[in-house]
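Shown next: input_19.cif, containing mmCIF, C-alpha atoms.
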data_run
loop_
_atom_site.label_atom_id
_atom_site.label_comp_id
_atom_site.auth_asym_id
_atom_site.auth_seq_id
_atom_site.Cartn_x
_atom_site.Cartn_y
_atom_site.Cartn_z
CA MET A 1 45.20 -58.27 49.12
CA THR A 2 43.37 -55.03 50.00
CA ALA A 3 40.49 -54.10 47.69
CA PRO A 4 41.05 -50.92 45.65
CA LEU A 5 39.38 -47.73 46.82
CA SER A 6 35.86 -46.78 45.86
CA GLY A 7 33.03 -44.55 47.04
CA ALA A 8 33.49 -41.75 49.59
CA ARG A 9 37.05 -42.77 50.51
CA ALA A 10 38.10 -42.67 46.88
CA ALA A 11 36.52 -39.23 46.46
CA ARG A 12 38.34 -37.94 49.56
CA VAL A 13 41.70 -39.14 48.28
CA PHE A 14 41.13 -37.57 44.86
CA LEU A 15 39.93 -34.25 46.27
CA CYS A 16 42.92 -33.91 48.61
CA PHE A 17 45.42 -34.44 45.80
CA ALA A 18 43.37 -32.46 43.27
CA PHE A 19 43.27 -29.35 45.49
CA GLY A 20 47.02 -29.59 45.96
CA TYR A 21 47.57 -29.75 42.20
CA LEU A 22 45.08 -26.91 41.67
CA LEU A 23 47.12 -24.66 43.96
CA SER A 24 50.35 -25.83 42.32
CA TYR A 25 49.12 -24.89 38.87
CA ALA A 26 47.67 -21.58 40.09
CA LEU A 27 51.06 -20.65 41.56
CA ARG A 28 52.73 -21.69 38.31
CA ALA A 29 50.48 -19.39 36.28
CA VAL A 30 49.83 -16.43 38.60
CA ASN A 31 52.86 -14.36 37.57
CA ALA A 32 51.34 -13.85 34.12
CA VAL A 33 48.55 -11.85 35.80
CA ILE A 34 50.43 -10.07 38.58
CA ALA A 35 53.42 -9.21 36.35
CA PRO A 36 52.37 -5.55 35.75
CA ALA A 37 51.93 -4.95 39.50
CA LEU A 38 55.25 -6.65 40.28
CA VAL A 39 57.12 -4.66 37.63
CA ALA A 40 55.61 -1.37 38.81
CA GLU A 41 56.29 -1.89 42.51
CA MET A 42 59.67 -3.64 42.33
CA GLN A 43 61.02 -1.83 39.23
CA LEU A 44 61.82 -5.08 37.40
CA SER A 45 63.18 -5.41 33.86
CA ASN A 46 61.91 -8.10 31.48
CA ALA A 47 65.01 -10.16 32.27
CA ASP A 48 64.36 -9.75 36.02
CA LEU A 49 60.76 -10.84 35.56
CA GLY A 50 61.80 -13.90 33.56
CA LEU A 51 64.46 -14.84 36.10
CA LEU A 52 61.98 -14.43 38.96
CA SER A 53 59.30 -16.58 37.38
CA SER A 54 61.80 -19.20 36.26
CA ALA A 55 62.84 -19.78 39.89
CA TYR A 56 59.72 -21.92 40.23
CA PHE A 57 60.76 -24.09 37.29
CA VAL A 58 64.42 -24.50 38.15
CA SER A 59 63.66 -25.54 41.74
CA PHE A 60 60.75 -27.72 40.63
CA GLY A 61 62.92 -29.39 38.01
CA ALA A 62 65.80 -29.95 40.44
CA MET A 63 63.42 -31.88 42.70
CA GLN A 64 62.23 -34.38 40.11
CA LEU A 65 64.95 -37.04 40.38
CA PRO A 66 65.10 -37.21 44.20
CA LEU A 67 61.31 -36.97 44.29
CA GLY A 68 60.91 -40.32 42.54
CA VAL A 69 63.06 -41.95 45.22
CA TRP A 70 61.24 -40.23 48.11
CA LEU A 71 57.84 -41.29 46.81
CA ASP A 72 59.00 -44.91 46.69
CA LYS A 73 60.60 -44.74 50.13
CA TYR A 74 58.20 -42.58 52.18
CA GLY A 75 54.96 -42.73 50.21
CA ALA A 76 52.76 -40.12 48.62
CA ARG A 77 51.03 -38.88 51.78
CA ARG A 78 54.09 -37.94 53.82
CA THR A 79 56.14 -36.73 50.85
CA GLU A 80 53.53 -34.32 49.52
CA ALA A 81 52.33 -33.08 52.92
CA GLY A 82 55.89 -32.26 53.98
CA LEU A 83 56.74 -30.51 50.74
CA LEU A 84 53.54 -28.43 50.82
CA LEU A 85 54.74 -26.95 54.12
CA CYS A 86 57.79 -25.73 52.20
CA ALA A 87 55.47 -24.23 49.57
CA ALA A 88 53.52 -22.37 52.27
CA LEU A 89 56.79 -20.98 53.63
CA GLY A 90 57.76 -19.89 50.12
CA ALA A 91 54.45 -18.09 49.59
CA ALA A 92 54.95 -16.25 52.90
CA VAL A 93 58.52 -15.28 51.95
CA PHE A 94 57.32 -14.05 48.54
CA ALA A 95 54.51 -12.01 50.11
CA SER A 96 56.82 -10.29 52.59
CA SER A 97 59.90 -9.67 50.40
CA GLY A 98 61.12 -6.24 49.39
CA SER A 99 63.90 -7.26 46.99
CA LEU A 100 64.32 -9.33 43.84
CA ALA A 101 66.53 -11.78 45.75
CA GLY A 102 63.85 -12.31 48.39
CA LEU A 103 61.16 -12.80 45.76
CA TRP A 104 63.37 -15.30 43.94
CA ILE A 105 63.96 -17.31 47.13
CA GLY A 106 60.23 -17.34 47.87
CA ARG A 107 59.42 -18.46 44.35
CA ALA A 108 62.08 -21.18 44.50
CA LEU A 109 60.69 -22.51 47.81
CA ILE A 110 57.24 -22.64 46.21
CA GLY A 111 58.65 -24.66 43.30
CA ILE A 112 60.27 -27.12 45.70
CA GLY A 113 57.11 -27.35 47.78
CA VAL A 114 54.67 -28.14 44.97
CA SER A 115 57.03 -30.42 43.04
CA ALA A 116 55.21 -33.56 44.24
CA CYS A 117 51.64 -32.44 43.60
CA LEU A 118 51.12 -34.46 40.42
CA MET A 119 53.67 -37.26 40.87
CA ALA A 120 52.48 -38.00 44.43
CA ALA A 121 48.92 -38.27 43.17
CA PHE A 122 49.93 -40.68 40.41
CA LYS A 123 51.90 -42.75 42.93
CA ALA A 124 48.93 -42.94 45.30
CA TYR A 125 46.44 -43.68 42.54
CA ARG A 126 48.50 -46.57 41.23
CA GLN A 127 48.68 -48.10 44.72
CA TRP A 128 45.14 -47.42 45.89
CA PHE A 129 42.85 -47.42 42.84
CA PRO A 130 41.90 -50.06 40.24
CA LEU A 131 44.07 -50.17 37.14
CA GLU A 132 41.13 -49.38 34.89
CA ARG A 133 40.66 -46.03 36.68
CA GLN A 134 44.21 -44.76 36.15
CA SER A 135 43.74 -42.90 32.85
CA GLN A 136 40.48 -41.38 34.05
CA LEU A 137 42.11 -40.15 37.26
CA ALA A 138 45.02 -38.69 35.28
CA SER A 139 42.59 -36.75 33.07
CA TRP A 140 40.71 -35.46 36.10
CA MET A 141 43.97 -34.29 37.66
CA LEU A 142 44.78 -32.30 34.53
CA VAL A 143 41.33 -30.74 34.70
CA ALA A 144 42.04 -29.81 38.33
CA GLY A 145 45.36 -28.28 37.31
CA THR A 146 43.81 -26.27 34.52
CA SER A 147 41.15 -25.09 36.97
CA GLY A 148 44.05 -23.76 39.02
CA ALA A 149 45.31 -21.88 35.98
CA LEU A 150 41.79 -20.46 35.52
CA SER A 151 41.72 -19.32 39.15
CA ALA A 152 44.93 -17.37 38.50
CA THR A 153 43.32 -15.26 35.75
CA VAL A 154 40.05 -13.36 36.24
CA PRO A 155 39.69 -14.17 39.98
CA VAL A 156 43.21 -12.88 40.68
CA THR A 157 42.61 -9.82 38.47
CA LEU A 158 39.47 -9.01 40.48
CA ALA A 159 41.23 -9.59 43.81
CA LEU A 160 44.33 -7.52 43.02
CA PRO A 161 42.79 -4.08 43.74
CA ALA A 162 41.55 -5.23 47.15
CA LEU A 163 44.37 -7.50 48.31
CA GLY A 164 47.37 -6.58 46.19
CA TRP A 165 49.76 -9.26 45.02
CA ARG A 166 51.17 -9.62 48.53
CA GLY A 167 47.75 -10.28 50.03
CA ILE A 168 47.04 -12.90 47.38
CA PHE A 169 50.19 -14.79 48.33
CA TRP A 170 49.29 -14.65 52.04
CA VAL A 171 45.93 -16.25 51.19
CA VAL A 172 47.68 -18.92 49.13
CA ALA A 173 50.08 -19.65 52.00
CA ALA A 174 47.11 -20.36 54.27
CA LEU A 175 45.45 -22.60 51.67
CA LEU A 176 48.66 -24.60 51.23
CA LEU A 177 48.76 -25.26 54.97
CA VAL A 178 45.15 -26.46 54.89
CA VAL A 179 45.82 -28.87 52.01
CA ALA A 180 49.02 -30.18 53.61
CA GLY A 181 47.08 -30.93 56.79
CA ALA A 182 44.25 -32.60 54.87
CA ILE A 183 46.64 -34.89 52.98
CA PHE A 184 48.64 -35.81 56.07
CA PHE A 185 45.75 -36.45 58.47
CA PHE A 186 42.77 -37.40 56.29
CA LEU A 187 44.69 -39.93 54.18
CA ARG A 188 46.50 -41.67 57.05
CA ALA A 189 43.78 -44.30 57.42
CA VAL A 190 43.81 -45.00 53.69
CA GLU A 191 47.56 -45.52 53.73
CA ARG A 192 47.22 -47.89 56.68
CA GLN A 193 44.48 -49.77 54.83
CA PHE A 194 47.06 -50.57 52.19
CA ASP A 195 49.62 -51.63 54.84
CA GLY A 196 51.64 -48.41 54.48
CA GLY A 197 52.46 -49.36 50.89
CA ALA A 198 55.24 -46.79 50.90
CA ALA A 199 57.47 -49.03 52.93
CA LYS A 200 57.03 -51.81 50.42
CA GLY A 201 58.31 -49.61 47.65
CA GLY A 202 61.86 -49.98 48.88
CA GLY A 203 62.48 -52.86 46.51
CA ALA A 204 62.11 -50.51 43.58
CA LEU A 205 64.97 -48.45 44.90
CA ALA A 206 67.30 -51.37 44.38
CA ALA A 207 66.41 -51.72 40.71
CA ASP A 208 69.73 -51.72 38.91
CA GLY A 209 70.37 -48.66 36.80
CA GLY A 210 66.89 -47.09 37.09
CA TYR A 211 67.58 -43.55 35.91
CA ARG A 212 70.56 -44.73 33.84
CA ARG A 213 68.27 -47.05 31.92
CA ILE A 214 65.73 -44.27 31.33
CA PHE A 215 68.19 -41.62 30.16
CA GLY A 216 69.98 -44.22 28.02
CA SER A 217 66.82 -45.03 26.09
CA SER A 218 66.55 -43.64 22.55
CA TYR A 219 62.76 -43.75 22.87
CA PHE A 220 62.92 -41.59 25.98
CA TRP A 221 64.79 -38.94 24.00
CA ARG A 222 62.38 -39.20 21.07
CA MET A 223 59.66 -38.16 23.52
CA GLY A 224 61.86 -36.06 25.82
CA VAL A 225 63.03 -33.54 23.19
CA PRO A 226 59.44 -32.39 22.46
CA GLY A 227 58.94 -32.29 26.22
CA LEU A 228 62.00 -30.08 26.63
CA LEU A 229 61.15 -27.65 23.81
CA ASN A 230 57.48 -27.84 22.79
CA HIS A 231 55.95 -28.61 26.18
CA GLY A 232 58.52 -26.57 28.13
CA ILE A 233 58.15 -23.46 25.95
CA PHE A 234 54.37 -23.69 26.20
CA PHE A 235 54.59 -23.74 30.00
CA ALA A 236 56.75 -20.62 29.94
CA LEU A 237 54.27 -18.84 27.68
CA GLN A 238 51.23 -19.94 29.67
CA THR A 239 52.65 -19.08 33.06
CA LEU A 240 54.35 -15.77 32.25
CA TRP A 241 54.84 -14.41 28.75
CA ALA A 242 51.26 -14.75 27.49
CA GLY A 243 50.29 -11.81 29.71
CA PRO A 244 53.02 -9.39 28.54
CA TRP A 245 52.36 -10.49 24.93
CA MET A 246 48.73 -9.39 25.24
CA THR A 247 49.61 -6.00 26.67
CA THR A 248 52.77 -5.24 24.67
CA VAL A 249 52.09 -6.80 21.25
CA LEU A 250 48.28 -6.76 21.08
CA GLY A 251 47.75 -3.60 23.16
CA LYS A 252 45.25 -5.15 25.57
CA SER A 253 44.50 -3.67 28.99
CA ALA A 254 45.21 -5.57 32.20
CA GLN A 255 41.50 -6.40 32.53
CA GLN A 256 41.26 -7.60 28.93
CA THR A 257 44.40 -9.67 29.41
CA GLY A 258 42.91 -11.38 32.46
CA GLN A 259 39.76 -12.20 30.49
CA ILE A 260 41.74 -13.56 27.54
CA LEU A 261 43.91 -15.72 29.79
CA PHE A 262 40.76 -17.03 31.46
CA ALA A 263 39.36 -18.00 28.03
CA PHE A 264 42.73 -19.51 27.08
CA ASN A 265 42.84 -21.75 30.15
CA PHE A 266 39.14 -22.62 29.86
CA VAL A 267 39.70 -23.86 26.30
CA LEU A 268 42.73 -25.79 27.60
CA LEU A 269 40.54 -27.44 30.25
CA LEU A 270 37.90 -28.41 27.67
CA SER A 271 40.62 -29.73 25.37
CA TYR A 272 42.02 -31.99 28.10
CA LEU A 273 38.53 -33.41 28.61
CA ALA A 274 38.03 -33.85 24.86
CA LEU A 275 41.36 -35.58 24.37
CA GLY A 276 40.67 -37.94 27.28
CA TRP A 277 37.48 -38.97 25.49
CA ALA A 278 38.79 -38.99 21.91
CA ALA A 279 42.31 -40.46 22.16
CA PRO A 280 41.36 -44.06 23.05
CA ARG A 281 38.63 -44.02 20.40
CA LEU A 282 41.06 -42.80 17.72
CA VAL A 283 43.57 -45.48 18.70
CA ALA A 284 40.80 -48.10 18.60
CA ARG A 285 40.04 -47.00 15.04
CA GLY A 286 43.64 -47.57 14.02
CA TRP A 287 45.20 -44.16 14.57
CA ASN A 288 48.82 -44.41 15.64
CA THR A 289 49.42 -42.52 18.90
CA HIS A 290 52.63 -41.02 17.54
CA ARG A 291 50.62 -39.66 14.62
CA ILE A 292 48.18 -37.99 17.02
CA ILE A 293 51.11 -36.50 18.93
CA GLY A 294 52.69 -35.20 15.73
CA ILE A 295 49.44 -33.54 14.62
CA GLY A 296 48.98 -31.87 18.00
CA ILE A 297 52.54 -30.56 18.19
CA GLY A 298 52.26 -29.38 14.60
CA GLY A 299 49.16 -27.42 15.58
CA MET A 300 51.06 -25.80 18.44
CA VAL A 301 53.88 -24.69 16.13
CA LEU A 302 51.52 -23.35 13.46
CA ALA A 303 49.42 -21.39 15.97
CA GLN A 304 52.53 -19.64 17.35
CA ALA A 305 53.87 -18.99 13.85
CA ALA A 306 50.57 -17.32 12.98
CA MET A 307 50.89 -15.09 16.07
CA LEU A 308 54.03 -13.62 14.51
CA ALA A 309 52.15 -12.53 11.40
CA THR A 310 49.32 -10.45 12.86
CA SER A 311 48.46 -7.93 15.57
CA ALA A 312 44.81 -7.63 14.49
CA PRO A 313 42.26 -7.01 17.27
CA MET A 314 41.15 -10.65 17.15
CA ALA A 315 44.69 -12.09 17.04
CA TRP A 316 44.26 -13.28 20.63
CA LEU A 317 42.05 -16.07 19.22
CA LEU A 318 45.24 -17.75 18.01
CA TRP A 319 46.06 -18.42 21.66
CA LEU A 320 42.85 -20.46 21.85
CA VAL A 321 44.05 -22.51 18.87
CA LEU A 322 47.29 -23.11 20.77
CA ALA A 323 45.31 -24.19 23.85
CA ALA A 324 43.28 -26.65 21.76
CA SER A 325 46.50 -28.28 20.46
CA VAL A 326 48.50 -28.48 23.70
CA PRO A 327 46.75 -31.37 25.53
CA VAL A 328 48.34 -33.86 23.12
CA THR A 329 51.53 -33.43 25.18
CA THR A 330 49.86 -35.52 27.91
CA LEU A 331 50.04 -38.48 25.53
CA VAL A 332 53.79 -37.93 25.31
CA GLN A 333 54.18 -38.15 29.08
CA SER A 334 51.93 -41.20 29.46
CA HIS A 335 53.83 -43.04 26.73
CA VAL A 336 57.13 -42.35 28.46
CA ALA A 337 55.82 -44.06 31.61
CA LEU A 338 54.42 -47.00 29.64
CA ALA A 339 57.72 -47.51 27.83
CA PHE A 340 59.37 -48.83 30.99
CA PRO A 341 58.53 -51.52 33.56
CA ALA A 342 56.04 -50.55 36.26
CA ALA A 343 58.82 -50.39 38.87
CA LEU A 344 60.42 -47.55 36.89
CA ALA A 345 57.24 -45.73 35.88
CA GLY A 346 57.46 -43.10 38.62
CA ARG A 347 61.05 -42.30 37.83
CA ALA A 348 60.30 -42.26 34.10
CA ASN A 349 57.63 -39.62 34.76
CA SER A 350 60.05 -37.65 36.93
CA ALA A 351 62.73 -37.82 34.22
CA TYR A 352 60.26 -36.47 31.66
CA ASN A 353 59.17 -33.72 34.06
CA LEU A 354 62.81 -32.76 34.45
CA GLN A 355 63.07 -32.17 30.68
CA LEU A 356 59.86 -30.17 30.71
CA PHE A 357 60.91 -27.88 33.53
CA ILE A 358 64.42 -27.35 32.16
CA GLY A 359 62.73 -26.09 29.00
CA ALA A 360 60.30 -23.92 30.96
CA PHE A 361 63.06 -22.41 33.11
CA ALA A 362 65.30 -21.67 30.14
CA THR A 363 62.43 -20.09 28.23
CA GLN A 364 61.02 -18.00 31.07
CA TRP A 365 64.41 -16.46 31.74
CA GLY A 366 65.75 -16.53 28.19
CA PHE A 367 62.63 -14.94 26.71
CA GLY A 368 63.05 -11.88 28.92
CA VAL A 369 66.78 -11.68 28.24
CA ALA A 370 66.18 -11.87 24.47
CA VAL A 371 63.44 -9.20 24.58
CA ASP A 372 65.70 -6.81 26.50
CA LEU A 373 68.59 -7.56 24.11
CA PHE A 374 66.50 -6.78 21.02
CA LYS A 375 65.23 -3.57 22.65
CA ALA A 376 68.79 -2.56 23.53
CA HIS A 377 69.63 -2.79 19.83
CA GLY A 378 66.81 -0.43 18.89
CA ALA A 379 63.83 -2.73 18.38
CA HIS A 380 60.38 -1.55 19.38
CA ALA A 381 59.01 -3.49 22.36
CA ALA A 382 56.38 -5.31 20.28
CA ASP A 383 58.95 -6.22 17.62
CA ALA A 384 61.33 -7.48 20.32
CA PHE A 385 58.59 -9.82 21.57
CA ARG A 386 57.90 -11.06 18.03
CA ALA A 387 61.58 -11.72 17.32
CA THR A 388 61.92 -13.67 20.55
CA LEU A 389 58.83 -15.78 19.87
CA ALA A 390 60.18 -16.44 16.36
CA ILE A 391 63.27 -18.03 17.92
CA ALA A 392 61.05 -20.15 20.16
CA VAL A 393 58.96 -21.26 17.15
CA LEU A 394 62.08 -22.33 15.24
CA LEU A 395 63.25 -24.41 18.21
CA GLN A 396 59.86 -26.08 18.46
CA ALA A 397 59.76 -26.79 14.75
CA GLY A 398 63.16 -28.45 15.04
CA ALA A 399 61.91 -30.61 17.92
CA LEU A 400 58.89 -31.64 15.83
CA VAL A 401 61.13 -32.66 12.93
CA PHE A 402 63.33 -34.67 15.34
CA PHE A 403 60.24 -36.46 16.70
CA LEU A 404 58.89 -37.28 13.24
CA LEU A 405 62.22 -38.53 11.84
CA ASN A 406 63.19 -40.52 14.93
CA ARG A 407 61.82 -44.06 14.59
CA ALA A 408 62.75 -45.34 18.05
CA GLN A 409 60.01 -47.49 19.60
CA ALA A 410 59.12 -48.20 23.21
CA GLY A 411 61.22 -50.99 24.67
CA ASN A 412 58.43 -52.18 26.93
CA PRO A 413 55.22 -51.59 24.97
CA ARG A 414 51.79 -51.74 26.53
CA PRO A 415 48.46 -52.36 24.80
#
If you took the structure in this file and wrote it as structure tokens, what would it be?
Amino acid sequence: MTAPLSGARAARVFLCFAFGYLLSYALRAVNAVIAPALVAEMQLSNADLGLLSSAYFVSFGAMQLPLGVWLDKYGARRTEAGLLLCAALGAAVFASSGSLAGLWIGRALIGIGVSACLMAAFKAYRQWFPLERQSQLASWMLVAGTSGALSATVPVTLALPALGWRGIFWVVAALLLVVAGAIFFFLRAVERQFDGGAAKGGGALAADGGYRRIFGSSYFWRMGVPGLLNHGIFFALQTLWAGPWMTTVLGKSAQQTGQILFAFNFVLLLSYLALGWAAPRLVARGWNTHRIIGIGIGGMVLAQAAMLATSAPMAWLLWLVLAASVPVTTLVQSHVALAFPAALAGRANSAYNLQLFIGAFATQWGFGVAVDLFKAHGAHAADAFRATLAIAVLLQAGALVFFLLNRAQAGNPRP
């Protein structure tokens, strides 16, 4: 049996996948910063903007179920490298488009292309790294992703006057090509070292009723409903509607909004690191993981409810409270994977991701539709945003109640 990776080879594998996920997350979040420039140049309504940004999520979500099969059949290296070429094409289409339809197609191609960035990494890490490193690697990947969200705030704001939003997407297209090449060529020797482990994954494809077993599990739905609503709505806020909220409801300038979003994502990054350190220690002291999840989701709901009550100059600090609460959703996803046999873990993660991105797509589009609808009935723009967020808060509160009242337990528990 081949020894797990360590040293320089391990670092190279991590960096290749981490840069891919960094770009994926940056592309997920960048519309929150470039939204004013997009709206001004393309004459988009709030509904148009929501539909455009949600293209990423609907295409990303549609890829999740086949992605689990491809990763088992072709391996992480070839699957992610090939899909990143699609993402580079999407960035080029987005940068060169002059219509909403063209922008939507570009955004959808990007969503397809980056759909493997996290799942491919997890697949490779499980095959190539020691078991005791898995949770640490997962935390580091989330730090890399949040770093991508950070790069889409102040850096993009500073680059916009010089490059414009089109120039930024041309730069991203080039970076995606570089990362695709690095994953495909630099990791070939590592894959061979493990005897092309992808080919050996074929047995998992024959597992009877893989996705049927997952979607038929009451425990999956106990965790999946918060993924659909709480985690999905947060993604939609983080990657699009946080920016318009700052400018429309709190009256912040574009520069101030970029700085606030940078602080928001920086707190999110620190919170991921803190949770990675604290969660196992809390569990070791007797804390139930479901209790930790419930507290975190409760914090998310309360922070958003408080946003509805104030437009004070310092109200943006409530977004930092939200960021501090959000990382608990990573415990939800990890418990979904641990609830099923190892042969189904990849598909369990993909099934959860599908719930998350359905929620994000519906919210990104639906939020804009609701805002425009409230405005059409005479509401002031800021009040329309508040009314729409109030609906989102009620949905999240309902998901929290469902999670707390549902007593389903994992069918395949792990220590």
Within 9 Å of region 332-341 of chain A, which residues of region 172-272 of chain A come that close, and what is the closest atom pair and distance in Å for each? Count only C-alpha atoms and give it as JSON lines.
{"residue": "A:Ile214", "atom": "CA", "partner": "A:Phe340", "partner_atom": "CA", "distance": 7.8}
{"residue": "A:Tyr219", "atom": "CA", "partner": "A:Ala339", "partner_atom": "CA", "distance": 8.0}
{"residue": "A:Phe220", "atom": "CA", "partner": "A:Val336", "partner_atom": "CA", "distance": 6.3}
{"residue": "A:Met223", "atom": "CA", "partner": "A:Val332", "partner_atom": "CA", "distance": 6.1}
{"residue": "A:Gly224", "atom": "CA", "partner": "A:Val332", "partner_atom": "CA", "distance": 8.3}
{"residue": "A:Pro226", "atom": "CA", "partner": "A:Val332", "partner_atom": "CA", "distance": 8.4}
{"residue": "A:Gly227", "atom": "CA", "partner": "A:Val332", "partner_atom": "CA", "distance": 7.7}
Per-axis box centre and lengths in Å around region 271-280 of chain A, 6 Å margin per side, axis-aligned, as JSON:
{"center_x": 39.9, "center_y": -36.9, "center_z": 25.3, "size_x": 16.8, "size_y": 26.3, "size_z": 18.7}
- When the PyMOL selection byres ((chain A and resi 345-359) around 9) is applied to the file above, which residues end up in the set, as a VMD selection string? chain A and resid 57 to 69 71 to 72 119 122 to 123 210 to 211 214 to 215 220 223 to 233 235 to 236 333 to 334 336 to 344 360 to 364
The selected residues should be written to file as a PDB file, in the coordinates of the input (atoms: C-alpha atoms).
ATOM      1  CA  PHE A  57      60.760 -24.090  37.290  1.00  0.00           C
ATOM      2  CA  VAL A  58      64.420 -24.500  38.150  1.00  0.00           C
ATOM      3  CA  SER A  59      63.660 -25.540  41.740  1.00  0.00           C
ATOM      4  CA  PHE A  60      60.750 -27.720  40.630  1.00  0.00           C
ATOM      5  CA  GLY A  61      62.920 -29.390  38.010  1.00  0.00           C
ATOM      6  CA  ALA A  62      65.800 -29.950  40.440  1.00  0.00           C
ATOM      7  CA  MET A  63      63.420 -31.880  42.700  1.00  0.00           C
ATOM      8  CA  GLN A  64      62.230 -34.380  40.110  1.00  0.00           C
ATOM      9  CA  LEU A  65      64.950 -37.040  40.380  1.00  0.00           C
ATOM     10  CA  PRO A  66      65.100 -37.210  44.200  1.00  0.00           C
ATOM     11  CA  LEU A  67      61.310 -36.970  44.290  1.00  0.00           C
ATOM     12  CA  GLY A  68      60.910 -40.320  42.540  1.00  0.00           C
ATOM     13  CA  VAL A  69      63.060 -41.950  45.220  1.00  0.00           C
ATOM     14  CA  LEU A  71      57.840 -41.290  46.810  1.00  0.00           C
ATOM     15  CA  ASP A  72      59.000 -44.910  46.690  1.00  0.00           C
ATOM     16  CA  MET A 119      53.670 -37.260  40.870  1.00  0.00           C
ATOM     17  CA  PHE A 122      49.930 -40.680  40.410  1.00  0.00           C
ATOM     18  CA  LYS A 123      51.900 -42.750  42.930  1.00  0.00           C
ATOM     19  CA  GLY A 210      66.890 -47.090  37.090  1.00  0.00           C
ATOM     20  CA  TYR A 211      67.580 -43.550  35.910  1.00  0.00           C
ATOM     21  CA  ILE A 214      65.730 -44.270  31.330  1.00  0.00           C
ATOM     22  CA  PHE A 215      68.190 -41.620  30.160  1.00  0.00           C
ATOM     23  CA  PHE A 220      62.920 -41.590  25.980  1.00  0.00           C
ATOM     24  CA  MET A 223      59.660 -38.160  23.520  1.00  0.00           C
ATOM     25  CA  GLY A 224      61.860 -36.060  25.820  1.00  0.00           C
ATOM     26  CA  VAL A 225      63.030 -33.540  23.190  1.00  0.00           C
ATOM     27  CA  PRO A 226      59.440 -32.390  22.460  1.00  0.00           C
ATOM     28  CA  GLY A 227      58.940 -32.290  26.220  1.00  0.00           C
ATOM     29  CA  LEU A 228      62.000 -30.080  26.630  1.00  0.00           C
ATOM     30  CA  LEU A 229      61.150 -27.650  23.810  1.00  0.00           C
ATOM     31  CA  ASN A 230      57.480 -27.840  22.790  1.00  0.00           C
ATOM     32  CA  HIS A 231      55.950 -28.610  26.180  1.00  0.00           C
ATOM     33  CA  GLY A 232      58.520 -26.570  28.130  1.00  0.00           C
ATOM     34  CA  ILE A 233      58.150 -23.460  25.950  1.00  0.00           C
ATOM     35  CA  PHE A 235      54.590 -23.740  30.000  1.00  0.00           C
ATOM     36  CA  ALA A 236      56.750 -20.620  29.940  1.00  0.00           C
ATOM     37  CA  GLN A 333      54.180 -38.150  29.080  1.00  0.00           C
ATOM     38  CA  SER A 334      51.930 -41.200  29.460  1.00  0.00           C
ATOM     39  CA  VAL A 336      57.130 -42.350  28.460  1.00  0.00           C
ATOM     40  CA  ALA A 337      55.820 -44.060  31.610  1.00  0.00           C
ATOM     41  CA  LEU A 338      54.420 -47.000  29.640  1.00  0.00           C
ATOM     42  CA  ALA A 339      57.720 -47.510  27.830  1.00  0.00           C
ATOM     43  CA  PHE A 340      59.370 -48.830  30.990  1.00  0.00           C
ATOM     44  CA  PRO A 341      58.530 -51.520  33.560  1.00  0.00           C
ATOM     45  CA  ALA A 342      56.040 -50.550  36.260  1.00  0.00           C
ATOM     46  CA  ALA A 343      58.820 -50.390  38.870  1.00  0.00           C
ATOM     47  CA  LEU A 344      60.420 -47.550  36.890  1.00  0.00           C
ATOM     48  CA  ALA A 360      60.300 -23.920  30.960  1.00  0.00           C
ATOM     49  CA  PHE A 361      63.060 -22.410  33.110  1.00  0.00           C
ATOM     50  CA  ALA A 362      65.300 -21.670  30.140  1.00  0.00           C
ATOM     51  CA  THR A 363      62.430 -20.090  28.230  1.00  0.00           C
ATOM     52  CA  GLN A 364      61.020 -18.000  31.070  1.00  0.00           C
TER      53      GLN A 364
END
- Item | Residues matched by the PyMOL selection byres ((chain A and resi 317) around 10) as a PyMOL selection string | chain A and resi 260+263-264+303+307+313-316+318-323
- Enter the distance from CA of Leu269 (chain A) to CA of Leu22 (chain A), in Å, rounded to one decimal. 12.3 Å
- Message: Would you compute the distance between CA of Leu250 (chain A) and CA of Ala384 (chain A)? Give it in Å to one decimal.
- Response: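 Rounded to one decimal, the two atoms are 13.1 Å apart.
Comparing A:Ile110, A:Ala189, A:Ala279, A:Ala305 by their smallest distance to Pro327 (chain A), the closest is A:Ala279 (using all atoms listed in the file).
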- Nearest-residue call for Val39 (chain A), choices A:Gly258, A:Gly298, A:Pro244, A:Pro161, using all atoms listed in the file: A:Pro244
- If you measure from CA of Gly98 (chain A) to CA of Leu163 (chain A), what distance in Å do you get, rounded to one decimal?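 Separation of CA of Gly98 (chain A) and CA of Leu163 (chain A): 16.8 Å.
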So that I can check the surroundings of Tyr125 (chain A), please list as a short mmCIF file (atom, residue, chain, number, x, y, z; two decimals) with C-alpha atoms, in the coordinates of the input every protein, DNA and RNA residue that reaches within 9 Å of it, counting only C-alpha atoms and ignoring chain neighbours fewer than 3 positions away.
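Output saved as selection37.cif:
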data_model
loop_
_atom_site.label_atom_id
_atom_site.label_comp_id
_atom_site.auth_asym_id
_atom_site.auth_seq_id
_atom_site.Cartn_x
_atom_site.Cartn_y
_atom_site.Cartn_z
CA VAL A 13 41.70 -39.14 48.28
CA PHE A 14 41.13 -37.57 44.86
CA ALA A 120 52.48 -38.00 44.43
CA ALA A 121 48.92 -38.27 43.17
CA PHE A 122 49.93 -40.68 40.41
CA TRP A 128 45.14 -47.42 45.89
CA PHE A 129 42.85 -47.42 42.84
CA PRO A 130 41.90 -50.06 40.24
CA LEU A 131 44.07 -50.17 37.14
CA ARG A 133 40.66 -46.03 36.68
CA GLN A 134 44.21 -44.76 36.15
CA LEU A 137 42.11 -40.15 37.26
CA ALA A 138 45.02 -38.69 35.28
#
